[in-house]
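Below is one structure, written out as C-alpha cells; the observations come after it.
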Amino acid sequence: MKKNILFVVNPISGDLDKSDLIEAVEEFASTNHFDLEVYETTGKNDIKEIQTIYNQYNPERIIVAGGDGTIKMVAEAMEEHDVIIGILPAGSANGLSVDLNLPAGIEENLKIAFQHHYIEMDMICINGKKSIHLSDLGLNANLVKNYEQSDVRGFWGYALQAFTTLTEADEPFEATISANNKTVSHVARMIVIANSQKYGTGVIINPNGAMNDGKFELVILKSLDLFLIGKIITGNMPIDSEDIVIISTDKAEIKTDIPVHFQIDGEYCGAQNSLEIHILHKQMKLAVP
C-alpha cells in the first residue's frame with residue numbers, strides 16, 4: 001500500500017525557480033512508491049488550504065520546499081496533528097536547515113525528508129506568535145527590515161544591507177529582563193531569542209542551544225563595538241566575550257526603554273518595547289539526518 005505524502009512548495013521563496021525541484025520530488029516519490037499531493041503556496045489562506053488537504057488526504061509526512069517562514073507556516077497549520085515534516089531548503093533564509101545539518105545535495109535531502117527518523121522539536125511563543133529558529137531585537141532585526149525593503153536578493157543583497165545597517169545603526173537600548181525568578185537590566189544593541197545555535201549564514205550565536213530541551217536562550221549583545229556586531233551578522237564571533245550574556249530559561253519577559261526593531265525567523269515584525277516569551281515543548285516532528 002502506497003504511503004501518502006503532501007508536498008508543500010513556496011514557488012517564490014529565495015527567488016528560485018522551483019520547477020526542477022518539483023520534478024525531482026515527483027520522480028523520487030514515483031520511484032519509491034509514494035502517493036504525492038503537491039500544493040503551491042499563494043500567500044492567501046495557505047494554512048486553511050493545507051489543513052483542508054491534510055484532512056482529505058491524511059498524509060504520513062509533509063515535505064516542505066521553502067525557507068524558515070514556509071516551514072513555520074506548515075508547522076502552525078499542523079499544530080493539532082501528529083505528522084512528520086521533512087525539509088527541502090529553498091528559501092532566502094534557511095537557518096533551521098543549517099542548524100539541522102541538512103546536506104546541500106537534493107538527492108540526500110529527499111531521502112532524509114521522505115524516509116529518515118525524526119526529532120520532536122520545541123517552538124517558542126513570542127507575544128502570541130510562533131518562532132521555530134531565531135528571533136531578535138535590535139540591529140539584526142533592522143537589517144531584516146532593510147533587506148525586505150530592498151530590491152537586491154541573495155548574498156549580495158544581504159551584504160549590502162548589512163553594511164548600510166551597521167553604518168546607520170541606532171543608539172543602543174536598555175532592556176529589563178525577567179527570567180528564572182530574577183530581573184536584570186542591560187544596555188544592548190541586540191538580544192537574540194534562540195531555539196537553536198546558528199544563523200542561516202552558519203554563524204554560531206548560541207553554542208549550547210538545543211531544539212528539544214524545553215528551554216530557549218536569550219543572547220544579550222551589550223557591546224557598543226560595531227565591529228563585534230558586524231562579525232555576528234556577517235562572519236563569526238568570540239562567543240566568550242565579556243560583552244555577551246546568555247540566559248537559558250523556559251519563559252521570560254523583556255521590556256525596553258524605547259521601541260526596538262524586532263524580527264521572527266527572518267520576518268520583520270515592527271518596533272516593540274515589550275515581549276512575553278515562553279517555550280512550547282516538543283511542538284513539531286522534523287525529519288533529520
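By order in the C-alpha cells, chains are A, B, ...; within a chain, residues start at 1; ligands start at 1, following the order shown.
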
Test item: residues at most 12 Å from Asp250 of chain A, only C-alpha atoms, excluding those fewer than 4 positions along its chain, as a short mmCIF file (atom, residue, chain, number, x, y, z; two decimals) with C-alpha atoms, in the first residue's frame:
```cif
data_model
loop_
_atom_site.label_atom_id
_atom_site.label_comp_id
_atom_site.auth_asym_id
_atom_site.auth_seq_id
_atom_site.Cartn_x
_atom_site.Cartn_y
_atom_site.Cartn_z
CA ASP A 122 10.40 22.85 20.52
CA MET A 123 8.91 26.11 19.31
CA ILE A 124 8.87 29.50 21.05
CA CYS A 125 5.81 31.71 21.54
CA ILE A 126 6.62 35.44 21.48
CA SER A 178 12.74 38.91 33.90
CA ALA A 179 13.62 35.18 33.78
CA ASN A 180 14.33 32.36 36.23
CA ASN A 181 12.84 34.43 39.10
CA ILE A 193 15.80 34.75 21.32
CA ALA A 194 17.30 31.43 20.27
CA ASN A 195 15.75 27.99 19.89
CA ASN A 212 14.34 19.87 22.04
CA ASP A 213 15.49 20.62 25.61
CA GLY A 214 12.40 22.55 26.76
CA LYS A 215 14.38 25.79 27.00
CA PHE A 216 15.41 28.75 24.88
CA GLU A 217 18.29 31.17 25.27
CA LEU A 218 18.39 34.96 25.43
CA GLU A 276 6.35 37.91 26.59
CA ILE A 277 8.14 34.69 25.71
CA HIS A 278 7.59 31.05 26.63
CA ILE A 279 8.62 27.65 25.32
CA LEU A 280 6.29 25.25 23.51
CA HIS A 281 7.91 21.90 24.25
#
```

Q: Output as a ChimeraX atom specification all residues of segment 29-275 of chain A that backbone DSSP marks as strand (DSSP E).
A: /A:34-40,61-66,84-89,118-126,129-131,134-138,173-179,182-188,190-194,216-221,244-249,251-264,267-275

Could those residues be written to a file, using C-alpha atoms, as a PDB file, in the first residue's frame?
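For reference, selection-v7.pdb as written:
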```pdb
ATOM      1  CA  PHE A  34       4.814   7.237  -2.525  1.00  0.00           C
ATOM      2  CA  ASP A  35       1.474   8.789  -3.432  1.00  0.00           C
ATOM      3  CA  LEU A  36       2.277  12.511  -3.756  1.00  0.00           C
ATOM      4  CA  GLU A  37      -0.066  15.505  -3.491  1.00  0.00           C
ATOM      5  CA  VAL A  38       1.517  18.867  -4.448  1.00  0.00           C
ATOM      6  CA  TYR A  39       0.378  22.193  -3.024  1.00  0.00           C
ATOM      7  CA  GLU A  40       1.966  25.501  -4.100  1.00  0.00           C
ATOM      8  CA  ARG A  61       4.539  13.194   6.071  1.00  0.00           C
ATOM      9  CA  ILE A  62       4.548  16.745   4.771  1.00  0.00           C
ATOM     10  CA  ILE A  63       7.589  17.737   2.714  1.00  0.00           C
ATOM     11  CA  VAL A  64       8.260  21.484   2.645  1.00  0.00           C
ATOM     12  CA  ALA A  65      10.289  23.308  -0.006  1.00  0.00           C
ATOM     13  CA  GLY A  66      10.916  26.858   1.163  1.00  0.00           C
ATOM     14  CA  ILE A  84       6.378  14.411  10.410  1.00  0.00           C
ATOM     15  CA  ILE A  85       7.702  17.402   8.455  1.00  0.00           C
ATOM     16  CA  GLY A  86      10.600  16.973   6.028  1.00  0.00           C
ATOM     17  CA  ILE A  87      12.579  19.960   4.723  1.00  0.00           C
ATOM     18  CA  LEU A  88      13.988  20.736   1.282  1.00  0.00           C
ATOM     19  CA  PRO A  89      15.860  24.043   1.823  1.00  0.00           C
ATOM     20  CA  TYR A 118      12.677  12.475  13.257  1.00  0.00           C
ATOM     21  CA  ILE A 119      13.186  14.624  16.328  1.00  0.00           C
ATOM     22  CA  GLU A 120      10.463  16.295  18.389  1.00  0.00           C
ATOM     23  CA  MET A 121      11.379  19.968  18.268  1.00  0.00           C
ATOM     24  CA  ASP A 122      10.402  22.853  20.520  1.00  0.00           C
ATOM     25  CA  MET A 123       8.914  26.115  19.313  1.00  0.00           C
ATOM     26  CA  ILE A 124       8.868  29.496  21.050  1.00  0.00           C
ATOM     27  CA  CYS A 125       5.813  31.707  21.545  1.00  0.00           C
ATOM     28  CA  ILE A 126       6.617  35.442  21.478  1.00  0.00           C
ATOM     29  CA  LYS A 129       3.488  34.470  17.555  1.00  0.00           C
ATOM     30  CA  LYS A 130       5.418  31.248  16.930  1.00  0.00           C
ATOM     31  CA  SER A 131       9.181  31.072  16.351  1.00  0.00           C
ATOM     32  CA  LEU A 134      15.946  32.621  15.841  1.00  0.00           C
ATOM     33  CA  SER A 135      14.240  35.902  16.612  1.00  0.00           C
ATOM     34  CA  ASP A 136      15.884  39.101  17.763  1.00  0.00           C
ATOM     35  CA  LEU A 137      15.548  42.679  18.920  1.00  0.00           C
ATOM     36  CA  GLY A 138      17.856  45.391  17.632  1.00  0.00           C
ATOM     37  CA  PHE A 173      18.675  50.412  24.083  1.00  0.00           C
ATOM     38  CA  GLU A 174      18.158  49.456  27.719  1.00  0.00           C
ATOM     39  CA  ALA A 175      16.403  46.144  28.321  1.00  0.00           C
ATOM     40  CA  THR A 176      14.909  44.890  31.572  1.00  0.00           C
ATOM     41  CA  ILE A 177      14.717  41.089  31.507  1.00  0.00           C
ATOM     42  CA  SER A 178      12.739  38.906  33.898  1.00  0.00           C
ATOM     43  CA  ALA A 179      13.623  35.176  33.783  1.00  0.00           C
ATOM     44  CA  LYS A 182      15.414  37.188  38.542  1.00  0.00           C
ATOM     45  CA  THR A 183      15.221  40.632  36.952  1.00  0.00           C
ATOM     46  CA  VAL A 184      18.287  42.197  35.326  1.00  0.00           C
ATOM     47  CA  SER A 185      18.918  45.235  33.153  1.00  0.00           C
ATOM     48  CA  HIS A 186      21.412  45.576  30.319  1.00  0.00           C
ATOM     49  CA  VAL A 187      22.260  48.211  27.746  1.00  0.00           C
ATOM     50  CA  ALA A 188      22.337  46.284  24.467  1.00  0.00           C
ATOM     51  CA  MET A 190      20.840  43.249  20.110  1.00  0.00           C
ATOM     52  CA  ILE A 191      19.024  40.489  22.016  1.00  0.00           C
ATOM     53  CA  VAL A 192      18.605  37.119  20.310  1.00  0.00           C
ATOM     54  CA  ILE A 193      15.799  34.746  21.317  1.00  0.00           C
ATOM     55  CA  ALA A 194      17.299  31.432  20.271  1.00  0.00           C
ATOM     56  CA  PHE A 216      15.412  28.750  24.876  1.00  0.00           C
ATOM     57  CA  GLU A 217      18.291  31.170  25.273  1.00  0.00           C
ATOM     58  CA  LEU A 218      18.389  34.963  25.435  1.00  0.00           C
ATOM     59  CA  VAL A 219      21.711  36.062  23.950  1.00  0.00           C
ATOM     60  CA  ILE A 220      22.335  39.657  25.035  1.00  0.00           C
ATOM     61  CA  LEU A 221      24.910  41.553  22.996  1.00  0.00           C
ATOM     62  CA  ILE A 244      27.841  38.810  25.679  1.00  0.00           C
ATOM     63  CA  VAL A 245      25.417  37.432  28.292  1.00  0.00           C
ATOM     64  CA  ILE A 246      23.406  34.226  27.756  1.00  0.00           C
ATOM     65  CA  ILE A 247      20.322  33.357  29.828  1.00  0.00           C
ATOM     66  CA  SER A 248      18.733  29.889  29.464  1.00  0.00           C
ATOM     67  CA  THR A 249      15.075  29.661  30.519  1.00  0.00           C
ATOM     68  CA  LYS A 251       9.874  31.747  29.929  1.00  0.00           C
ATOM     69  CA  ALA A 252      10.886  35.393  30.061  1.00  0.00           C
ATOM     70  CA  GLU A 253       9.694  38.964  29.733  1.00  0.00           C
ATOM     71  CA  ILE A 254      11.688  41.720  28.032  1.00  0.00           C
ATOM     72  CA  LYS A 255      10.872  45.419  28.347  1.00  0.00           C
ATOM     73  CA  THR A 256      12.875  48.113  26.564  1.00  0.00           C
ATOM     74  CA  ASP A 257      13.136  51.836  27.257  1.00  0.00           C
ATOM     75  CA  ILE A 258      12.361  52.655  23.606  1.00  0.00           C
ATOM     76  CA  PRO A 259      10.634  50.753  20.766  1.00  0.00           C
ATOM     77  CA  VAL A 260      13.206  48.441  19.169  1.00  0.00           C
ATOM     78  CA  HIS A 261      13.205  46.693  15.770  1.00  0.00           C
ATOM     79  CA  PHE A 262      12.055  43.057  16.125  1.00  0.00           C
ATOM     80  CA  GLN A 263      12.034  40.049  13.781  1.00  0.00           C
ATOM     81  CA  ILE A 264      10.861  36.414  13.992  1.00  0.00           C
ATOM     82  CA  GLU A 267      10.243  38.222   9.141  1.00  0.00           C
ATOM     83  CA  TYR A 268      10.239  41.839  10.336  1.00  0.00           C
ATOM     84  CA  CYS A 269       7.556  42.416  12.995  1.00  0.00           C
ATOM     85  CA  GLY A 270       7.854  46.155  13.651  1.00  0.00           C
ATOM     86  CA  ALA A 271       9.306  48.014  16.621  1.00  0.00           C
ATOM     87  CA  GLN A 272       8.453  46.572  20.037  1.00  0.00           C
ATOM     88  CA  ASN A 273       9.114  47.583  23.635  1.00  0.00           C
ATOM     89  CA  SER A 274       7.608  44.575  25.442  1.00  0.00           C
ATOM     90  CA  LEU A 275       7.947  40.838  24.721  1.00  0.00           C
TER      91      LEU A 275
END
```

**Q.** Counting only C-alpha atoms, the residue of A:Lys285, A:Ile71, A:Glu242, A:Tyr199 that sits nearest Lys222 of chain A
**A.**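 Nearest candidate to Lys222 of chain A out of A:Lys285, A:Ile71, A:Glu242, A:Tyr199: A:Glu242.
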
Q. Any idea what the distance is between atom CA of Ala141 of chain A and atom CA of Ser97 of chain A?
A.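 Here the two named atoms are 20.1 Å from each other.
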
Q: Using atom CA of Asn32 of chain A and atom CA of Ile112 of chain A as the two end points, give the distance in Å to one decimal.
A: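 Here the two named atoms are 13.1 Å from each other.
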
**Q.** Spatial neighbours of Tyr54 of chain A, max dist 12 Å, only C-alpha atoms, sep filter under 2 positions, as number ranges by chain
**A.** A: 4-8, 37-39, 47-52, 56-62, 74, 77-78, 80-83

C-alpha atoms of the current selection, written as a PDB file, in the first residue's frame:
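What follows is the written file part-v7.pdb:
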```pdb
ATOM      1  CA  ASN A   4       0.567   9.415   1.194  1.00  0.00           C
ATOM      2  CA  ILE A   5       2.891  12.428   1.141  1.00  0.00           C
ATOM      3  CA  LEU A   6       1.873  16.093   0.932  1.00  0.00           C
ATOM      4  CA  PHE A   7       4.463  18.292  -0.785  1.00  0.00           C
ATOM      5  CA  VAL A   8       4.142  21.995   0.088  1.00  0.00           C
ATOM      6  CA  GLU A  37      -0.066  15.505  -3.491  1.00  0.00           C
ATOM      7  CA  VAL A  38       1.517  18.867  -4.448  1.00  0.00           C
ATOM      8  CA  TYR A  39       0.378  22.193  -3.024  1.00  0.00           C
ATOM      9  CA  ILE A  47      -2.852  27.488   6.455  1.00  0.00           C
ATOM     10  CA  LYS A  48      -6.527  26.678   5.874  1.00  0.00           C
ATOM     11  CA  GLU A  49      -5.789  25.175   2.451  1.00  0.00           C
ATOM     12  CA  ILE A  50      -3.085  22.908   3.906  1.00  0.00           C
ATOM     13  CA  GLN A  51      -5.395  21.839   6.732  1.00  0.00           C
ATOM     14  CA  THR A  52      -8.138  21.008   4.210  1.00  0.00           C
ATOM     15  CA  GLN A  56      -8.822  14.892   2.865  1.00  0.00           C
ATOM     16  CA  TYR A  57      -5.546  13.132   2.203  1.00  0.00           C
ATOM     17  CA  ASN A  58      -4.217  12.135   5.663  1.00  0.00           C
ATOM     18  CA  PRO A  59      -0.533  12.154   4.624  1.00  0.00           C
ATOM     19  CA  GLU A  60       2.123  10.316   6.588  1.00  0.00           C
ATOM     20  CA  ARG A  61       4.539  13.194   6.071  1.00  0.00           C
ATOM     21  CA  ILE A  62       4.548  16.745   4.771  1.00  0.00           C
ATOM     22  CA  VAL A  74       3.209  24.468   7.821  1.00  0.00           C
ATOM     23  CA  ALA A  77      -1.145  24.546  10.215  1.00  0.00           C
ATOM     24  CA  MET A  78      -0.320  21.133  11.689  1.00  0.00           C
ATOM     25  CA  GLU A  80      -3.193  19.914  16.143  1.00  0.00           C
ATOM     26  CA  HIS A  81      -1.966  16.925  14.117  1.00  0.00           C
ATOM     27  CA  ASP A  82       0.707  14.271  14.583  1.00  0.00           C
ATOM     28  CA  VAL A  83       2.677  14.411  11.343  1.00  0.00           C
TER      29      VAL A  83
END
```

Q) Quick one: distance from atom CA of Asn101 of chain A to atom CA of Lys3 of chain A in Å, one decimal? A)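 Calculated distance between atom CA of Asn101 of chain A and atom CA of Lys3 of chain A is 26.3 Å.
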
Q) Quick one: DSSP helix (DSSP H, G or I) residues in segment 33-150 of chain A, as number ranges by chain? A) A: 46-57, 68-77, 95-99, 106-115, 139-149
